[in-house]
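One structure is given here, and the rest of the page talks about it.
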Amino acid sequence: MATELEELIGFLSSPSHPVKKIAVDIVRDYTGSEDGLESLGKYSDVVLPSLSRLLGEKKVVSEPAAQALVNLSQKPELAGKMVEMHMVRTSMETLYKQDCEITSLLIMLLVNLTQLDAGIDSLLQSADEKMHGLYVMKLVRSFCSSSCEGKFDPFEHVASVLVNISKKEDGRKLLLDQKRCLLKQIVRNDSKSLLRKRGVAGTIRNCCFEAENQLQNLLLISEFLWPALLLPVAGNKVYSEEDTRKMPLELASALSIEREPVTDPEIRVQALEAIYLLILQEAGRRAFWSVNGPRILQVGYADEDDPKAMEAYERAGSLLIQESGLDEELTETSS
């Protein structure tokens with residue numbers, strides 16, 4: 001005899017729209033508690049496909065179905081089952097259908113699914129040579145063209161998806177592919193959204209792990225890369241003409257005037273870690289000197305009060321010790 005929960009899950013496939021609506025609302029509410037997640041997890045082979053089929057329905061049904069899937073996907077074992085049943089493909093196909101009304105929820109679902117290597121591979125379309133990278137290209141295009149300052153931003157969580165995929169070598173190589181120019185698009189994204197800023201900084205930092213083999217590709221976008229990395233760590237000072245005349249125009253212009261400081265230490269740490277990875281390479285150090293990067297580190301360090309960020313400044317500065325007295329100046333400032 002079917003249990004009450006089994007009957008409820010069965011109603012998700014009811015031909016009656018009102019019955020289906022009530023059932024999906026109750027299932028969504030179940031996923032709001034740990035006990036509910038555990039109970040539904042026992043019927044994952046049935047409930048996950050049933051919820052997936054509802055994503056293409058009207059918003060009154062698709063929204064609670066997507067909310068339930070987002071909650072369920074927080075459990076790695078359930079996220080793994082979703083990836084196996086091609087939930088990444090279903091999410092992307094639904095996302096780019098005309099008049100999709102659950103965009104933000106689908107992106108949040110992708111964030112959870114790409115916490116897994118299998119989910120990243122699925123989003124990269126690694127198994128399909130002809131389609132490889134298409135999903136990511138679509139997401140980057142949407143992310144870079146949909147920034148809605150002061151309004152609801154349905155694609156802002158793509159920032160977290162980009163961080164996830166760039167944790168894996170295949171993802172970094174795709175973003176750094178010069179034919180696609182994806183990282184260049186991401187770096188140029190200018191938004192006040194903290195989520196977007198963190199995502200961009202984290203994605204750049206992860207891509208810089210490829211500096212040993214792909215430094216040239218990174219430096220090809222230096223016009224945008226150095227400002228993205230150096231402005232967050234430049235401190236609050238208005239720089240002198242002596243300092244700025246040694247910088248490229250995009251940096252000099254920004255640092256010659258009063259500007260809004262980057263108050264989030266996580267962004268500063270990520271930027272400094274990316275700089276460190278770049279200047280580990282000799283060509284990266286030369287490029288860093290060419291934009292007067294060491295001076296920016298000195299000034300930024302003097303304004304820094306976050307312990308983790310200070311440590312990141314010192315770590316980057318230590319690489320330049322043989323070429324200047326920068327490291328000594330950083331140490332003296334901290335004492």
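A note on labels: chains of the structure tokens are A, B, ... as shown, every chain counts residues from 1, and ligands are counted from 1 in their shown order.
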
Please provide the set of residues having any atom within 12 Å of A:Arg198, restricted to only C-alpha atoms, with same-chain residues fewer than 2 positions apart removed, written as JSON, numbers by chain.
{"A": [156, 157, 158, 159, 160, 161, 162, 163, 186, 187, 189, 190, 191, 192, 193, 194, 195, 196, 200, 201, 202, 203, 204, 205, 228, 229, 232, 262, 263, 264, 265, 266, 267, 268, 269, 270, 271]}

Using only C-alpha atoms, which protein or nucleic acid residues come within 6 Å of stretch 76-86 of chain A? Drop anything in the same chain fewer than 3 positions from it, and give the result as a PyMOL selection string.
chain A and resi 73+89+113+119

Write the residues of the selection above to a file with N, CA and C atoms, as a short mmCIF file (atom, residue, chain, number, x, y, z; two decimals), in the first residue's frame.
```cif
data_model
loop_
_atom_site.label_atom_id
_atom_site.label_comp_id
_atom_site.auth_asym_id
_atom_site.auth_seq_id
_atom_site.Cartn_x
_atom_site.Cartn_y
_atom_site.Cartn_z
N SER A 73 18.91 19.91 -4.58
CA SER A 73 20.27 19.83 -5.16
C SER A 73 21.35 20.29 -4.20
N ARG A 89 21.21 19.77 -18.89
CA ARG A 89 20.66 20.01 -20.23
C ARG A 89 19.22 20.50 -20.15
N LEU A 113 24.50 22.29 -9.12
CA LEU A 113 24.92 21.12 -9.90
C LEU A 113 26.40 21.21 -10.29
N GLY A 119 28.83 17.63 -12.86
CA GLY A 119 27.98 18.75 -13.26
C GLY A 119 28.73 19.74 -14.13
#
```

Please determine, counting only C-alpha atoms, which residue among A:Glu101, A:Glu314, A:Asp25, A:Glu38 has the shortest atom-to-atom distance to A:Leu72.
A:Glu38

So, counting only C-alpha atoms, which residue among A:Val70, A:Ile120, A:Val27, A:Leu55 is closest to A:Met108?
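Using only C-alpha atoms, A:Met108 sits closest to A:Val70.
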
Got a sec: who's within 12 Å of A:Ser62, counting only C-alpha atoms, leaving out chain neighbours fewer than 2 positions off, as number ranges by chain?
A: 12, 17, 20-21, 24-25, 28, 50-60, 64-69, 91, 94-95, 100-103, 105-106

Select, from A:Ile279, A:Leu218, A:Leu249, A:Leu8, the residue with the minimum atom-to-atom distance to A:Asp177, counting only C-alpha atoms.
A:Leu218

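With atom CA of A:Leu215 on one side and atom CA of A:Pro307 on the other, the separation reads 29.1 Å.
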
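The spacing separating atom CA of A:Gln216 from atom CA of A:Lys308 amounts to 29.2 Å.
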
Counting only C-alpha atoms, the residue of A:Asn292, A:Gln281, A:Asn164, A:Ser142 that sits nearest A:Thr114:
A:Asn164

Closest to A:Ser166 among A:Ala309, A:Leu225, A:Ala234, A:Leu123, using only C-alpha atoms?
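Looking at the shortest contact to A:Ser166, the residue is A:Leu123.
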
Shortest contact to A:Asn217, candidates A:Leu174, A:Cys144, A:Val233, A:Val238, atoms counted only C-alpha atoms, goes to A:Leu174

Backbone-only DSSP, alpha helix (DSSP H) members of stretch 185-285 of chain A, as an NGL selection string
:A and (185-187 or 194-207 or 211-219 or 222-230 or 241-244 or 249-255 or 265-279 or 282-285)

Distance query A:Glu7 at most 12 Å, only C-alpha atoms, self and fewer than 5 positions along chain excluded, as a PyMOL selection string
chain A and resi 1-2+12-14+19-20+23+26-27+43+46-47

Please save N, CA, C and O atoms of the selected residues as an mmCIF file, in the first residue's frame.
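Below is the file that was written, result11.cif:
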```cif
data_model
loop_
_atom_site.group_PDB
_atom_site.id
_atom_site.type_symbol
_atom_site.label_atom_id
_atom_site.label_comp_id
_atom_site.auth_asym_id
_atom_site.auth_seq_id
_atom_site.Cartn_x
_atom_site.Cartn_y
_atom_site.Cartn_z
ATOM 1 N N MET A 1 0.845 -1.199 0.000
ATOM 2 C CA MET A 1 0.000 0.000 0.000
ATOM 3 C C MET A 1 0.881 1.250 0.000
ATOM 4 O O MET A 1 1.843 1.335 0.755
ATOM 5 N N ALA A 2 0.564 2.197 -0.874
ATOM 6 C CA ALA A 2 1.370 3.397 -1.016
ATOM 7 C C ALA A 2 1.291 4.261 0.238
ATOM 8 O O ALA A 2 0.234 4.384 0.862
ATOM 9 N N LEU A 12 2.132 14.666 -8.639
ATOM 10 C CA LEU A 12 2.916 15.583 -9.472
ATOM 11 C C LEU A 12 2.703 15.311 -10.954
ATOM 12 O O LEU A 12 2.946 16.177 -11.793
ATOM 13 N N SER A 13 2.274 14.097 -11.261
ATOM 14 C CA SER A 13 2.032 13.719 -12.660
ATOM 15 C C SER A 13 0.548 13.696 -13.007
ATOM 16 O O SER A 13 0.154 13.185 -14.054
ATOM 17 N N SER A 14 -0.257 14.280 -12.136
ATOM 18 C CA SER A 14 -1.704 14.284 -12.365
ATOM 19 C C SER A 14 -2.071 15.102 -13.601
ATOM 20 O O SER A 14 -1.489 16.157 -13.853
ATOM 21 N N VAL A 19 -4.770 19.862 -9.091
ATOM 22 C CA VAL A 19 -4.190 18.821 -8.235
ATOM 23 C C VAL A 19 -2.655 18.888 -8.304
ATOM 24 O O VAL A 19 -1.959 18.806 -7.285
ATOM 25 N N LYS A 20 -2.151 19.034 -9.502
ATOM 26 C CA LYS A 20 -0.699 19.113 -9.701
ATOM 27 C C LYS A 20 -0.116 20.338 -8.984
ATOM 28 O O LYS A 20 0.956 20.259 -8.376
ATOM 29 N N ALA A 23 0.002 19.688 -5.252
ATOM 30 C CA ALA A 23 1.036 18.694 -4.951
ATOM 31 C C ALA A 23 2.433 19.304 -5.004
ATOM 32 O O ALA A 23 3.260 19.066 -4.114
ATOM 33 N N ILE A 26 3.185 21.520 -2.018
ATOM 34 C CA ILE A 26 3.459 20.754 -0.795
ATOM 35 C C ILE A 26 4.863 20.151 -0.845
ATOM 36 O O ILE A 26 5.605 20.180 0.139
ATOM 37 N N VAL A 27 5.239 19.619 -2.012
ATOM 38 C CA VAL A 27 6.584 19.047 -2.157
ATOM 39 C C VAL A 27 7.634 20.127 -1.960
ATOM 40 O O VAL A 27 8.652 19.914 -1.281
ATOM 41 N N TYR A 43 12.799 8.780 -2.284
ATOM 42 C CA TYR A 43 11.992 8.552 -3.495
ATOM 43 C C TYR A 43 12.556 9.352 -4.676
ATOM 44 O O TYR A 43 11.834 9.732 -5.595
ATOM 45 N N VAL A 46 11.818 8.831 -8.398
ATOM 46 C CA VAL A 46 10.500 9.215 -8.892
ATOM 47 C C VAL A 46 10.302 10.728 -8.824
ATOM 48 O O VAL A 46 9.855 11.359 -9.784
ATOM 49 N N VAL A 47 10.664 11.316 -7.687
ATOM 50 C CA VAL A 47 10.353 12.734 -7.479
ATOM 51 C C VAL A 47 11.196 13.649 -8.365
ATOM 52 O O VAL A 47 10.700 14.666 -8.874
#
```

Skipping near chain neighbours, those fewer than 3 positions away, what residues fall within 10 Å of stretch 132-134 of chain A using only C-alpha atoms, listed as number ranges by chain?
A: 121-129, 137-140, 171, 174-175, 180

Selected residues written out, all heavy atoms, as a short mmCIF file (atom, residue, chain, number, x, y, z; two decimals), in the first residue's frame:
```
data_model
loop_
_atom_site.label_atom_id
_atom_site.label_comp_id
_atom_site.auth_asym_id
_atom_site.auth_seq_id
_atom_site.Cartn_x
_atom_site.Cartn_y
_atom_site.Cartn_z
N ASP A 121 31.33 19.00 -16.06
CA ASP A 121 31.51 18.34 -17.35
C ASP A 121 30.25 18.43 -18.20
O ASP A 121 30.31 18.64 -19.42
CB ASP A 121 31.88 16.86 -17.15
CG ASP A 121 33.29 16.69 -16.62
OD1 ASP A 121 34.11 17.62 -16.77
OD2 ASP A 121 33.58 15.62 -16.03
N SER A 122 29.10 18.29 -17.54
CA SER A 122 27.84 18.36 -18.25
C SER A 122 27.60 19.76 -18.81
O SER A 122 27.15 19.91 -19.95
CB SER A 122 26.69 17.95 -17.32
OG SER A 122 25.46 17.90 -18.00
N LEU A 123 27.91 20.78 -18.01
CA LEU A 123 27.71 22.15 -18.49
C LEU A 123 28.71 22.50 -19.58
O LEU A 123 28.38 23.23 -20.53
CB LEU A 123 27.83 23.13 -17.32
CG LEU A 123 27.46 24.58 -17.66
CD1 LEU A 123 25.98 24.70 -18.02
CD2 LEU A 123 27.79 25.52 -16.51
N LEU A 124 29.94 21.98 -19.47
CA LEU A 124 30.94 22.23 -20.51
C LEU A 124 30.65 21.44 -21.77
O LEU A 124 31.24 21.72 -22.82
CB LEU A 124 32.34 21.84 -20.00
CG LEU A 124 32.92 22.64 -18.83
CD1 LEU A 124 34.26 22.05 -18.42
CD2 LEU A 124 33.08 24.10 -19.20
N GLN A 125 29.75 20.47 -21.68
CA GLN A 125 29.44 19.56 -22.79
C GLN A 125 30.71 18.86 -23.28
O GLN A 125 30.98 18.75 -24.47
CB GLN A 125 28.76 20.33 -23.93
CG GLN A 125 27.43 20.96 -23.53
CD GLN A 125 26.96 22.02 -24.50
OE1 GLN A 125 27.50 23.11 -24.53
NE2 GLN A 125 25.95 21.69 -25.29
N SER A 126 31.47 18.38 -22.31
CA SER A 126 32.78 17.79 -22.59
C SER A 126 32.70 16.57 -23.48
O SER A 126 33.64 16.26 -24.22
CB SER A 126 33.46 17.41 -21.27
OG SER A 126 33.65 18.56 -20.46
N ALA A 127 31.58 15.85 -23.43
CA ALA A 127 31.46 14.61 -24.20
C ALA A 127 31.04 14.85 -25.64
O ALA A 127 31.03 13.92 -26.45
CB ALA A 127 30.45 13.68 -23.52
N ASP A 128 30.71 16.08 -25.99
CA ASP A 128 30.23 16.39 -27.33
C ASP A 128 31.15 17.43 -27.96
O ASP A 128 31.07 18.63 -27.66
CB ASP A 128 28.79 16.93 -27.27
CG ASP A 128 28.15 17.06 -28.64
OD1 ASP A 128 28.88 17.19 -29.63
OD2 ASP A 128 26.90 17.05 -28.71
N GLU A 129 32.04 16.98 -28.82
CA GLU A 129 33.05 17.86 -29.39
C GLU A 129 32.44 19.02 -30.16
O GLU A 129 32.92 20.15 -30.09
CB GLU A 129 33.98 17.05 -30.32
CG GLU A 129 35.17 17.84 -30.83
CD GLU A 129 36.11 16.99 -31.65
OE1 GLU A 129 36.06 15.74 -31.51
OE2 GLU A 129 36.89 17.56 -32.43
N MET A 137 29.08 29.59 -23.28
CA MET A 137 29.05 30.80 -24.10
C MET A 137 27.72 31.53 -23.95
O MET A 137 27.67 32.77 -23.85
CB MET A 137 29.29 30.45 -25.58
CG MET A 137 30.70 30.00 -25.89
SD MET A 137 30.89 29.45 -27.61
CE MET A 137 30.60 30.98 -28.49
N LYS A 138 26.63 30.78 -23.93
CA LYS A 138 25.31 31.39 -23.75
C LYS A 138 25.19 32.07 -22.39
O LYS A 138 24.68 33.19 -22.28
CB LYS A 138 24.21 30.32 -23.89
CG LYS A 138 23.94 29.86 -25.30
CD LYS A 138 22.76 28.91 -25.32
CE LYS A 138 22.33 28.55 -26.74
NZ LYS A 138 21.14 27.68 -26.75
N LEU A 139 25.66 31.39 -21.35
CA LEU A 139 25.57 31.95 -20.00
C LEU A 139 26.42 33.21 -19.87
O LEU A 139 25.99 34.20 -19.26
CB LEU A 139 26.00 30.91 -18.97
CG LEU A 139 25.05 29.74 -18.75
CD1 LEU A 139 25.67 28.70 -17.82
CD2 LEU A 139 23.72 30.23 -18.16
N VAL A 140 27.63 33.19 -20.43
CA VAL A 140 28.50 34.37 -20.36
C VAL A 140 27.86 35.53 -21.11
O VAL A 140 27.87 36.68 -20.63
CB VAL A 140 29.90 34.06 -20.94
CG1 VAL A 140 30.72 35.33 -21.11
CG2 VAL A 140 30.64 33.09 -20.03
N GLY A 171 37.47 23.78 -17.57
CA GLY A 171 36.71 25.02 -17.53
C GLY A 171 37.59 26.23 -17.74
O GLY A 171 37.23 27.16 -18.48
N LEU A 174 38.59 26.56 -21.39
CA LEU A 174 37.50 27.08 -22.21
C LEU A 174 37.40 28.60 -22.06
O LEU A 174 37.28 29.33 -23.05
CB LEU A 174 36.18 26.43 -21.79
CG LEU A 174 34.92 26.97 -22.49
CD1 LEU A 174 34.96 26.70 -23.98
CD2 LEU A 174 33.66 26.37 -21.86
N LEU A 175 37.47 29.09 -20.83
CA LEU A 175 37.36 30.52 -20.59
C LEU A 175 38.53 31.29 -21.19
O LEU A 175 38.39 32.44 -21.59
CB LEU A 175 37.25 30.80 -19.09
CG LEU A 175 35.99 30.26 -18.40
CD1 LEU A 175 36.05 30.55 -16.90
CD2 LEU A 175 34.73 30.87 -18.99
N ARG A 180 37.19 32.26 -28.39
CA ARG A 180 35.88 32.53 -27.78
C ARG A 180 35.87 33.85 -27.00
O ARG A 180 34.81 34.45 -26.82
CB ARG A 180 35.47 31.37 -26.87
CG ARG A 180 35.39 30.03 -27.58
CD ARG A 180 35.08 28.92 -26.60
NE ARG A 180 35.28 27.59 -27.14
CZ ARG A 180 34.32 26.80 -27.59
NH1 ARG A 180 33.08 27.22 -27.57
NH2 ARG A 180 34.59 25.60 -28.05
#
```
